[in-house]
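Source file: input-v7.txt (compact mmCIF, C-alpha atoms)
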# COMPACT_ATOMS: atom_id res chain seq x y z
CA MET A 1421 -99.43 -57.39 -73.80
CA THR A 1422 -99.42 -58.59 -77.37
CA ILE A 1423 -96.31 -59.20 -79.43
CA ASP A 1424 -96.90 -56.02 -81.44
CA GLU A 1425 -97.22 -53.98 -78.26
CA ARG A 1426 -93.98 -55.42 -76.86
CA ILE A 1427 -92.17 -54.64 -80.13
CA ALA A 1428 -93.52 -51.09 -80.11
CA ALA A 1429 -92.47 -50.58 -76.50
CA ARG A 1430 -88.99 -51.89 -77.26
CA ARG A 1431 -88.66 -49.56 -80.25
CA ALA A 1432 -89.81 -46.62 -78.13
CA GLY A 1433 -87.18 -47.50 -75.51
CA VAL A 1434 -84.48 -47.61 -78.19
CA ARG A 1435 -85.59 -44.20 -79.50
CA ASP A 1436 -85.56 -42.75 -75.96
CA ALA A 1437 -82.08 -44.12 -75.31
CA ALA A 1438 -80.85 -42.65 -78.61
CA ARG A 1439 -82.35 -39.25 -77.74
CA ARG A 1440 -80.62 -39.32 -74.32
CA ARG A 1441 -77.28 -40.16 -75.95
CA ARG A 1442 -77.68 -37.30 -78.47
CA LEU A 1443 -78.57 -34.95 -75.62
CA ARG A 1444 -75.50 -35.98 -73.61
CA ARG A 1445 -73.26 -35.47 -76.65
CA THR A 1446 -74.80 -32.07 -77.29
CA VAL A 1447 -74.35 -31.02 -73.65
CA LEU A 1448 -70.72 -32.22 -73.62
CA ALA A 1449 -70.00 -30.37 -76.88
CA VAL A 1450 -71.51 -27.16 -75.53
CA VAL A 1451 -69.51 -27.50 -72.29
CA ALA A 1452 -66.30 -28.11 -74.27
CA VAL A 1453 -66.91 -25.04 -76.43
CA LEU A 1454 -67.66 -22.91 -73.39
CA ALA A 1455 -64.47 -24.19 -71.70
CA VAL A 1456 -62.39 -23.30 -74.77
CA VAL A 1457 -63.97 -19.85 -74.94
CA ALA A 1458 -63.37 -19.32 -71.22
CA LEU A 1459 -59.76 -20.50 -71.49
CA ALA A 1460 -59.15 -18.23 -74.46
CA ALA A 1461 -60.62 -15.31 -72.56
CA VAL A 1462 -58.44 -16.01 -69.53
CA GLU A 1463 -55.36 -16.57 -71.70
CA ARG A 1464 -55.83 -13.14 -73.27
CA SER A 1465 -56.59 -11.37 -70.02
CA ALA A 1466 -54.26 -9.56 -67.64
CA LEU A 1467 -54.93 -12.28 -65.09
CA VAL A 1468 -52.12 -14.39 -66.57
CA GLY A 1469 -49.91 -11.68 -68.08
CA LEU A 1470 -46.26 -12.13 -67.07
CA GLU A 1471 -45.29 -9.45 -64.56
CA GLU A 1472 -42.08 -10.78 -63.01
CA VAL A 1473 -39.16 -13.06 -63.86
CA ALA A 1474 -37.51 -14.02 -60.57
CA VAL A 1475 -33.93 -15.31 -60.70
CA SER A 1476 -32.29 -17.46 -58.03
CA GLY A 1477 -28.89 -19.12 -57.77
CA ALA A 1478 -27.02 -16.33 -59.57
CA ASP A 1479 -23.90 -15.24 -57.75
CA ARG A 1480 -21.12 -14.49 -60.19
CA LEU A 1481 -23.71 -13.95 -62.91
CA ASP A 1482 -25.88 -10.83 -62.99
CA ALA A 1483 -29.60 -11.62 -62.65
CA ASP A 1484 -30.44 -9.25 -65.51
CA ALA A 1485 -28.15 -11.25 -67.80
CA VAL A 1486 -30.22 -14.33 -66.95
CA ARG A 1487 -33.46 -12.47 -67.72
CA ASP A 1488 -32.06 -11.19 -71.00
CA ALA A 1489 -30.99 -14.69 -72.02
CA ALA A 1490 -34.37 -16.18 -71.06
CA ASP A 1491 -36.04 -13.64 -73.38
CA LEU A 1492 -39.45 -13.76 -71.69
CA THR A 1493 -41.48 -10.67 -72.61
CA LEU A 1494 -43.45 -9.08 -69.79
CA GLY A 1495 -47.16 -9.01 -70.50
CA THR A 1496 -47.07 -12.28 -72.40
CA SER A 1497 -49.56 -14.86 -71.18
CA THR A 1498 -47.78 -17.28 -68.87
CA LEU A 1499 -49.94 -20.01 -70.40
CA ARG A 1500 -48.16 -19.52 -73.73
CA LEU A 1501 -44.59 -19.29 -72.50
CA ARG A 1502 -42.21 -22.02 -73.67
CA LEU A 1503 -40.28 -22.33 -70.45
CA GLY A 1504 -38.17 -25.25 -71.62
CA ASP A 1505 -36.81 -23.11 -74.45
CA ALA A 1506 -36.17 -20.25 -72.01
CA ALA A 1507 -34.14 -22.58 -69.76
CA ASP A 1508 -32.13 -23.78 -72.78
CA ARG A 1509 -31.28 -20.18 -73.68
CA VAL A 1510 -30.08 -19.50 -70.14
CA GLU A 1511 -27.96 -22.67 -70.17
CA ALA A 1512 -26.18 -21.30 -73.24
CA LEU A 1513 -24.52 -18.71 -70.99
CA PRO A 1514 -20.91 -19.81 -70.28
CA LEU A 1515 -21.34 -19.35 -66.52
CA VAL A 1516 -24.48 -21.51 -66.30
CA ARG A 1517 -24.17 -25.23 -65.69
CA SER A 1518 -27.93 -25.84 -65.60
CA ALA A 1519 -31.17 -23.86 -65.47
CA GLN A 1520 -34.80 -24.56 -64.67
CA ALA A 1521 -37.76 -22.29 -65.43
CA ARG A 1522 -41.20 -22.75 -63.86
CA ARG A 1523 -44.41 -20.85 -63.20
CA VAL A 1524 -44.68 -19.74 -59.59
CA ASP A 1525 -48.14 -18.25 -60.06
CA PRO A 1526 -50.17 -16.88 -63.00
CA LEU A 1527 -48.06 -13.70 -63.05
CA THR A 1528 -44.57 -14.93 -62.11
CA VAL A 1529 -41.91 -17.18 -63.63
CA SER A 1530 -38.93 -18.35 -61.59
CA ILE A 1531 -35.59 -19.21 -63.19
CA GLU A 1532 -33.21 -21.18 -60.99
CA VAL A 1533 -29.62 -21.40 -62.18
CA THR A 1534 -26.70 -23.51 -61.06
CA GLU A 1535 -23.48 -21.71 -61.89
CA ARG A 1536 -20.24 -23.25 -63.05
CA GLN A 1537 -17.49 -22.84 -60.48
CA PRO A 1538 -13.94 -21.83 -61.45
CA MET A 1539 -11.33 -24.52 -60.87
CA LEU A 1540 -8.32 -23.13 -62.77
CA ARG A 1541 -7.13 -19.76 -64.02
CA ALA A 1542 -5.52 -20.01 -67.46
CA VAL A 1543 -3.02 -17.16 -67.84
CA THR A 1544 -1.55 -15.89 -71.11
CA ASP A 1545 0.32 -12.79 -72.19
CA ASP A 1546 -2.94 -11.14 -73.28
CA GLY A 1547 -5.07 -11.91 -70.23
CA ASP A 1548 -6.54 -14.78 -68.30
CA VAL A 1549 -9.73 -16.81 -68.16
CA LEU A 1550 -11.42 -19.04 -65.60
CA VAL A 1551 -12.03 -22.72 -66.33
CA ASP A 1552 -14.44 -25.06 -64.54
CA ARG A 1553 -14.19 -28.78 -63.75
CA ASP A 1554 -15.92 -29.73 -67.01
CA GLY A 1555 -13.29 -27.89 -69.02
CA VAL A 1556 -15.53 -24.97 -69.97
CA VAL A 1557 -14.08 -21.47 -70.11
CA ILE A 1558 -16.66 -19.69 -67.98
CA ALA A 1559 -15.47 -16.08 -67.81
CA SER A 1560 -12.60 -13.67 -68.11
CA GLY A 1561 -10.44 -13.77 -65.02
CA VAL A 1562 -9.21 -10.20 -65.41
CA GLY A 1563 -10.10 -8.33 -62.24
CA ASP A 1564 -11.71 -11.39 -60.66
CA PRO A 1565 -10.24 -12.01 -57.20
CA VAL A 1566 -11.16 -15.69 -57.00
CA VAL A 1567 -8.22 -17.77 -55.77
CA VAL A 1568 -7.68 -20.89 -57.89
CA PRO A 1569 -4.53 -22.58 -59.25
CA VAL A 1570 -2.87 -20.86 -62.19
CA VAL A 1571 -2.09 -22.58 -65.49
CA ALA A 1572 0.36 -20.72 -67.72
CA ILE A 1573 -0.33 -21.28 -71.43
CA ALA A 1574 1.12 -19.88 -74.63
CA GLY A 1575 -0.87 -18.09 -77.31
CA PRO A 1576 -4.13 -16.17 -77.05
CA ALA A 1577 -6.51 -16.87 -74.19
CA PRO A 1578 -9.59 -18.98 -75.04
CA ALA A 1579 -12.87 -17.07 -75.06
CA PRO A 1580 -15.67 -17.58 -72.52
CA GLY A 1581 -17.88 -20.38 -73.78
CA ASP A 1582 -14.98 -22.27 -75.37
CA GLU A 1583 -13.89 -25.67 -74.11
CA VAL A 1584 -10.33 -26.58 -73.20
CA ALA A 1585 -10.43 -29.31 -75.85
CA ALA A 1586 -9.87 -26.54 -78.40
CA HIS A 1587 -6.52 -25.71 -76.73
CA ALA A 1588 -4.39 -28.87 -76.62
CA ALA A 1589 -1.89 -27.71 -74.01
CA LEU A 1590 -4.59 -26.39 -71.68
CA ALA A 1591 -6.65 -29.55 -72.17
CA ASN A 1592 -3.71 -31.70 -71.12
CA ALA A 1593 -2.98 -29.54 -68.06
CA HIS A 1594 -6.67 -29.60 -67.12
CA ALA A 1595 -6.74 -33.41 -67.31
CA VAL A 1596 -3.54 -33.64 -65.25
CA TRP A 1597 -5.03 -31.41 -62.56
CA LEU A 1598 -8.17 -33.54 -62.37
CA GLY A 1599 -5.99 -36.60 -61.88
CA LEU A 1600 -3.95 -35.25 -58.97
CA SER A 1601 -4.58 -36.31 -55.40
CA GLY A 1602 -5.82 -33.77 -52.85
CA PRO A 1603 -2.51 -33.51 -50.93
CA LEU A 1604 -0.56 -33.03 -54.15
CA ARG A 1605 -2.94 -30.33 -55.34
CA THR A 1606 -2.37 -28.35 -52.16
CA ALA A 1607 1.39 -28.54 -52.78
CA VAL A 1608 1.14 -27.07 -56.31
CA ASP A 1609 1.89 -23.39 -56.69
CA ARG A 1610 1.53 -23.14 -60.46
CA ILE A 1611 1.05 -25.30 -63.56
CA ASP A 1612 2.98 -24.75 -66.78
CA ALA A 1613 1.20 -26.01 -69.88
CA ARG A 1614 4.21 -25.95 -72.18
CA GLY A 1615 2.63 -28.11 -74.85
CA PRO A 1616 -0.07 -30.70 -75.52
CA ASP A 1617 2.08 -33.39 -73.94
CA ASP A 1618 4.25 -31.30 -71.65
CA THR A 1619 2.63 -30.30 -68.36
CA VAL A 1620 4.85 -29.26 -65.45
CA LEU A 1621 3.84 -28.71 -61.83
CA ASP A 1622 5.69 -26.03 -59.89
CA LEU A 1623 5.50 -26.96 -56.22
CA ALA A 1624 5.43 -24.31 -53.52
CA ARG A 1625 8.62 -25.79 -52.07
CA GLY A 1626 10.51 -24.91 -55.26
CA ILE A 1627 10.53 -28.27 -57.03
CA GLU A 1628 9.55 -28.70 -60.67
CA VAL A 1629 7.56 -31.87 -61.37
CA ARG A 1630 7.51 -32.95 -64.99
CA VAL A 1631 4.30 -34.89 -65.60
CA GLY A 1632 4.12 -34.83 -69.40
CA ARG A 1633 0.99 -36.29 -70.94
CA ALA A 1634 -2.23 -36.80 -69.00
CA GLU A 1635 -1.92 -40.57 -69.01
CA ARG A 1636 -1.10 -43.20 -66.36
CA LEU A 1637 -1.90 -40.45 -63.87
CA ASP A 1638 -2.50 -42.81 -60.95
CA GLU A 1639 1.00 -44.22 -61.40
CA LYS A 1640 2.51 -40.77 -61.78
CA VAL A 1641 0.81 -39.45 -58.64
CA ARG A 1642 2.07 -42.43 -56.66
CA ALA A 1643 5.58 -41.91 -58.06
CA ILE A 1644 5.54 -38.21 -57.10
CA GLY A 1645 4.40 -39.04 -53.59
CA ALA A 1646 7.07 -41.72 -53.18
CA VAL A 1647 9.86 -39.44 -54.40
CA LEU A 1648 8.76 -36.52 -52.23
CA ALA A 1649 8.65 -38.80 -49.20
CA ASP A 1650 12.11 -40.09 -50.05
CA VAL A 1651 13.82 -36.72 -50.59
CA GLY A 1652 12.14 -35.07 -47.61
CA ASP A 1653 13.18 -31.44 -47.23
CA ASP A 1654 16.36 -31.77 -49.29
CA PRO A 1655 16.92 -28.26 -50.73
CA GLU A 1656 19.12 -29.61 -53.51
CA VAL A 1657 16.25 -31.31 -55.33
CA ALA A 1658 15.26 -29.18 -58.31
CA VAL A 1659 13.32 -31.50 -60.62
CA ILE A 1660 11.26 -34.67 -60.31
CA ASP A 1661 10.52 -36.29 -63.67
CA VAL A 1662 7.70 -38.86 -63.64
CA ARG A 1663 6.97 -38.97 -67.35
CA ALA A 1664 8.02 -42.60 -67.05
CA PRO A 1665 6.36 -43.31 -63.70
CA SER A 1666 8.00 -46.70 -63.24
CA ALA A 1667 11.42 -45.03 -63.35
CA PRO A 1668 11.16 -41.51 -61.88
CA VAL A 1669 14.20 -39.26 -62.19
CA VAL A 1670 15.41 -36.74 -59.60
CA ILE A 1671 17.60 -33.86 -60.77
CA GLY A 1672 19.60 -31.68 -58.37
CA ARG A 1673 20.29 -27.99 -58.53

Any chance you could give the structure as structure tokens?
Amino acid sequence: MTIDERIAARRAGVRDAARRRRLRRTVLAVVAVLAVVALAAVERSALVGLEEVAVSGADRLDADAVRDAADLTLGTSTLRLRLGDAADRVEALPLVRSAQARRVDPLTVSIEVTERQPMLRAVTDDGDVLVDRDGVVIASGVGDPVVVPVVAIAGPAPAPGDEVAAHAALANAHAVWLGLSGPLRTAVDRIDARGPDDTVLDLARGIEVRVGRAERLDEKVRAIGAVLADVGDDPEVAVIDVRAPSAPVVIGR
């Protein structure tokens, strides 16, 4: 083969390779367009239209309230649903600690909620509310039979969704309660939140324990335990003051 023939053959090979590349690109483009068209057709069809919003984990909370908060319209394509936003809307409910939303199948979305659990009942002259461990007012306690320790506070009751930080006296009492030991908690009959730095524990045995501010709680708990062990069942003990935990004071009746 002459040099000219080899050059011509090489050029023909280059042209063939270029044609094959153009053909592959064309085929891929056509496939991509067809895939988009097919996806659009499916997305607009009843095959992926939302038919059910299933709710799990709701106990105190009504499942319909979860569905209303999620705001997912039936018939909407499940491929277009913003489930993260729906979960955020559900988490805005005072009773909900966390929420997750996911597609179960092309027609169904599942919303799983973890509810906040009441830890204290804050009681005022105009009603009462339930407060969880995080200090969130989760619901009205009126008519709710749940048995949790009572905190007496002055002024209007906080609204569901509020945090105890907005009510100084309740916030202090809440922090004190979190700092108590298990045995001491079981001995408490009632908590009086008299002010932002004046929390008093009323023990079931009829003794008033003045705790004061929610500070140095480990020392105060140890002081309460030591004094209770020392006085035993003495009926003449009326008050134990541990506001200065290094020098607790016992007051008789």

Leu1501 in chain A: which residues within 10 Å, counting only C-alpha atoms, same-chain residues fewer than 2 positions away excluded, as an mmCIF file with C-alpha atoms, in the coordinates of the input?
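Written out: part.cif:
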data_model
loop_
_atom_site.group_PDB
_atom_site.id
_atom_site.type_symbol
_atom_site.label_atom_id
_atom_site.label_comp_id
_atom_site.auth_asym_id
_atom_site.auth_seq_id
_atom_site.Cartn_x
_atom_site.Cartn_y
_atom_site.Cartn_z
ATOM 1 C CA LEU A 1470 -46.260 -12.130 -67.070
ATOM 2 C CA LEU A 1492 -39.450 -13.760 -71.690
ATOM 3 C CA THR A 1493 -41.480 -10.670 -72.610
ATOM 4 C CA THR A 1496 -47.070 -12.280 -72.400
ATOM 5 C CA SER A 1497 -49.560 -14.860 -71.180
ATOM 6 C CA THR A 1498 -47.780 -17.280 -68.870
ATOM 7 C CA LEU A 1499 -49.940 -20.010 -70.400
ATOM 8 C CA LEU A 1503 -40.280 -22.330 -70.450
ATOM 9 C CA GLY A 1504 -38.170 -25.250 -71.620
ATOM 10 C CA ASP A 1505 -36.810 -23.110 -74.450
ATOM 11 C CA ALA A 1506 -36.170 -20.250 -72.010
ATOM 12 C CA ARG A 1522 -41.200 -22.750 -63.860
ATOM 13 C CA ARG A 1523 -44.410 -20.850 -63.200
ATOM 14 C CA VAL A 1529 -41.910 -17.180 -63.630
#

- [ ] Could you check how far CA of Lys1640 in chain A sits from CA of Ala1588 in chain A, in Å to one decimal?
- [x]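 For CA of Lys1640 in chain A relative to CA of Ala1588 in chain A, the distance reads 20.2 Å.
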
TODO: Please provide the set of residues having any atom within 10 Å of Ala1559 in chain A, restricted to all atoms listed in the file, with same-chain residues fewer than 6 positions apart removed, written as a VMD selection string.
DONE: chain A and resid 1480 to 1481 1513 to 1515 1536 1538 1541 1548 to 1552 1578 to 1582

Open item on the list: Using Å and a single decimal, report how far CA of Ala1483 in chain A sits from CA of Ala1521 in chain A.
Closed with: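 Spanning CA of Ala1521 in chain A to CA of Ala1483 in chain A is a straight-line distance of 13.7 Å.
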
Open item on the list: Given only C-alpha atoms as the basis, pick out the residue of A:Ala1634, A:Ala1572, A:Val1641, A:Leu1604 nearest to Gly1547 in chain A.
Closed with: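 Selected residue with least distance to Gly1547 in chain A: A:Ala1572.
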
- [ ] Between CA of Ala1643 in chain A and CA of Val1567 in chain A, measure the distance and give it in Å to one decimal.
- [x]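 Computing the Euclidean distance for CA of Ala1643 in chain A and CA of Val1567 in chain A yields 27.9 Å.
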
Output, as JSON, the centre and edge lengths in Å (one decimal) of the axis-aligned box that contains all listed atoms of range 1521-1535 of chain A with 5 Å of margin on each side.
{"center_x": -36.8, "center_y": -18.6, "center_z": -62.5, "size_x": 36.7, "size_y": 19.8, "size_z": 15.8}

Open item on the list: Just want the 10 Å neighbourhood of Val1662 in chain A, counted on only C-alpha atoms, with same-chain residues fewer than 5 positions away dropped. Output as a ChimeraX atom specification.
Closed with: /A:1629-1632,1637,1639-1644,1647,1667-1670

Open item on the list: What's around Asp1617 in chain A at 12 Å? Count only C-alpha atoms, leave out sequence neighbours fewer than 4 positions away in its own chain, and write the answer as a VMD selection string.
Closed with: chain A and resid 1587 to 1596 1612 to 1613 1630 to 1635 1663

Export C-alpha atoms of the chosen residues as a compact mmCIF listing (two decimals), keeping the file's coordinate frame?
# COMPACT_ATOMS: atom_id res chain seq x y z
CA HIS A 1587 -6.52 -25.71 -76.73
CA ALA A 1588 -4.39 -28.87 -76.62
CA ALA A 1589 -1.89 -27.71 -74.01
CA LEU A 1590 -4.59 -26.39 -71.68
CA ALA A 1591 -6.65 -29.55 -72.17
CA ASN A 1592 -3.71 -31.70 -71.12
CA ALA A 1593 -2.98 -29.54 -68.06
CA HIS A 1594 -6.67 -29.60 -67.12
CA ALA A 1595 -6.74 -33.41 -67.31
CA VAL A 1596 -3.54 -33.64 -65.25
CA ASP A 1612 2.98 -24.75 -66.78
CA ALA A 1613 1.20 -26.01 -69.88
CA ARG A 1630 7.51 -32.95 -64.99
CA VAL A 1631 4.30 -34.89 -65.60
CA GLY A 1632 4.12 -34.83 -69.40
CA ARG A 1633 0.99 -36.29 -70.94
CA ALA A 1634 -2.23 -36.80 -69.00
CA GLU A 1635 -1.92 -40.57 -69.01
CA ARG A 1663 6.97 -38.97 -67.35

Can you tell me, as an mmCIF file with C-alpha atoms, keeping the file's coordinate frame, what residues are no more than 8 Å from Ile1611 in chain A when counting all atoms listed in the file, ignoring any on the same chain fewer than 5 positions away?
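Result written to part06.cif:
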data_model
loop_
_atom_site.group_PDB
_atom_site.id
_atom_site.type_symbol
_atom_site.label_atom_id
_atom_site.label_comp_id
_atom_site.auth_asym_id
_atom_site.auth_seq_id
_atom_site.Cartn_x
_atom_site.Cartn_y
_atom_site.Cartn_z
ATOM 1 C CA PRO A 1569 -4.530 -22.580 -59.250
ATOM 2 C CA VAL A 1570 -2.870 -20.860 -62.190
ATOM 3 C CA VAL A 1571 -2.090 -22.580 -65.490
ATOM 4 C CA ALA A 1572 0.360 -20.720 -67.720
ATOM 5 C CA ALA A 1593 -2.980 -29.540 -68.060
ATOM 6 C CA THR A 1619 2.630 -30.300 -68.360
ATOM 7 C CA VAL A 1620 4.850 -29.260 -65.450
ATOM 8 C CA LEU A 1621 3.840 -28.710 -61.830
ATOM 9 C CA ASP A 1622 5.690 -26.030 -59.890
#

Open item on the list: Let me make sure I understand: among A:Ile1671, A:Gly1561, A:Leu1540, A:Ala1507, which one has the smallest atom-to-atom distance to Arg1610 in chain A if we use all atoms listed in the file?
Closed with: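 For Arg1610 in chain A, the nearest of the candidates is A:Leu1540.
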
TODO: Name the closest residue to Glu1583 in chain A among the candidates A:Asp1545, A:Asp1609, A:Asp1525, A:Asp1554; distances are taken between atoms, counting all atoms listed in the file.
DONE: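 Comparing A:Asp1545, A:Asp1609, A:Asp1525, A:Asp1554 against Glu1583 in chain A, the winner is A:Asp1554.
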